[in-house]
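A short worksheet on the structure shown next.
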Amino acid sequence: MSTIYVAGGVGVAPTEMAAYDAALADINLHNYNLVRVSSVIPAAATLRVVDAAPDLGPAGNRLTVVQSKTVSGPDDAVDELAAAIGWATGPGPGLFYEASGTDPAAVEQAVEQGLDAGCGLRDWAFTDRDTLVSTTRPVEGSYTAVVVLAAYGESEPVF
């Protein structure tokens, strides 16, 4: 059975990409080539919410993820940033839904609405639900990023 690691992080840096990279470093997912997928959780998977992902293979490998992120710039008039991933699981396959923005309550509500809609489209049993929301206040004069990622097991070689 494979594990999907769910973690949220924050990064601050002088550029948007560097802030995003710092947020990935905060959860130990900065050394992989991330490949985003939509939202289906395989039936055989287990989910673990962690502060940071364990070592998932060599640097430069491909890693499958579901991702939520938002970034603010030094001139943005934003009080708070939020990224969230929610999931619904049961005895079979499950679903992830992600949202991001500047209002944590609205971000969490969007995840819940997405899960409601997605579950309604499928004839699967969903017995458990949860959400991880990561928030931060932007740092003045810098780029600030907040991310939540669900990393699907071990990484794989690109070549």
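Going by the structure tokens order, chains are called A, B, ..., each with residues numbered from 1, while ligands are numbered from 1 in the order shown.
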
Discussion item. What's around Val71 (chain A) at 9 Å? Count only C-alpha atoms, leave out sequence neighbours fewer than 2 positions away in its own chain, and write the answer as a PyMOL selection string.
Written reply: chain A and resi 16+19-20+69+73+81+101+138+143-147

Practice prompt. Once DSSP has gone over the backbone, tell me which residues of chain A are in strand (DSSP E or B), as an MDAnalysis selection string.
Written response: chainID A and resid 3:13 33:36 40:41 46:49 62:72 81:89 94:101 128:136 143:152 156

Worksheet item: Of the candidates A:Asn28, A:Thr46, A:Thr15, A:Gln67, which one gets nearest to Leu132 (chain A) if we count only C-alpha atoms?
Response: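 Using only C-alpha atoms, the shortest distance to Leu132 (chain A) belongs to A:Gln67.
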
Item to complete: Select, from A:Gly153, A:Gly118, A:Gly141, A:Pro54, the residue with the minimum atom-to-atom distance to Glu98 (chain A), counting only C-alpha atoms.
Response: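 Checking each candidate against Glu98 (chain A), we get A:Gly118 as the closest.
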
Item to complete: Would you kindly return, as a list in words, each protein, DNA or RNA residue with an atom no farther than 8 Å from any atom of Phe126 (chain A), considering only C-alpha atoms and excluding same-chain residues fewer than 6 positions away?
Response: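 Result of the neighbour search: Ala88, Thr89, Gly90, Pro91, Gly94 and Cys119 of chain A.
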
Could those residues be written to a file, using N, CA and C atoms, as a PDB file, in the first residue's frame?
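The result, written out as selection06.pdb:
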```
ATOM      1  N   ALA A  88     -11.792  13.361   0.676  1.00  0.00           N
ATOM      2  CA  ALA A  88     -12.890  12.476   1.070  1.00  0.00           C
ATOM      3  C   ALA A  88     -12.452  11.067   0.689  1.00  0.00           C
ATOM      4  N   THR A  89     -12.505  10.166   1.652  1.00  0.00           N
ATOM      5  CA  THR A  89     -12.071   8.789   1.412  1.00  0.00           C
ATOM      6  C   THR A  89     -13.109   7.814   1.954  1.00  0.00           C
ATOM      7  N   GLY A  90     -12.933   6.574   1.586  1.00  0.00           N
ATOM      8  CA  GLY A  90     -13.808   5.508   2.055  1.00  0.00           C
ATOM      9  C   GLY A  90     -13.133   4.182   1.807  1.00  0.00           C
ATOM     10  N   PRO A  91     -13.902   3.141   1.661  1.00  0.00           N
ATOM     11  CA  PRO A  91     -13.296   1.835   1.424  1.00  0.00           C
ATOM     12  C   PRO A  91     -12.717   1.677   0.016  1.00  0.00           C
ATOM     13  N   GLY A  94     -10.785   7.684  -3.426  1.00  0.00           N
ATOM     14  CA  GLY A  94     -11.196   8.932  -2.784  1.00  0.00           C
ATOM     15  C   GLY A  94     -10.887  10.116  -3.674  1.00  0.00           C
ATOM     16  N   CYS A 119     -17.929  14.409  -4.832  1.00  0.00           N
ATOM     17  CA  CYS A 119     -18.509  13.183  -4.269  1.00  0.00           C
ATOM     18  C   CYS A 119     -19.865  12.891  -4.911  1.00  0.00           C
TER      19      CYS A 119
END
```

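Residue nearest Trp124 (chain A) within the list A:Ala110, A:Ala43, A:Leu24, A:Ile4: A:Ala43 [criterion: smallest interatomic distance, only C-alpha atoms].
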
Item to complete: Give the answer as one residue: which of A:Ala77, A:Val49, A:Val111, A:Ile41 has the shortest atom-to-atom distance to Leu95 (chain A), using only C-alpha atoms?
Response: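 For Leu95 (chain A), the nearest of the candidates is A:Ile41.
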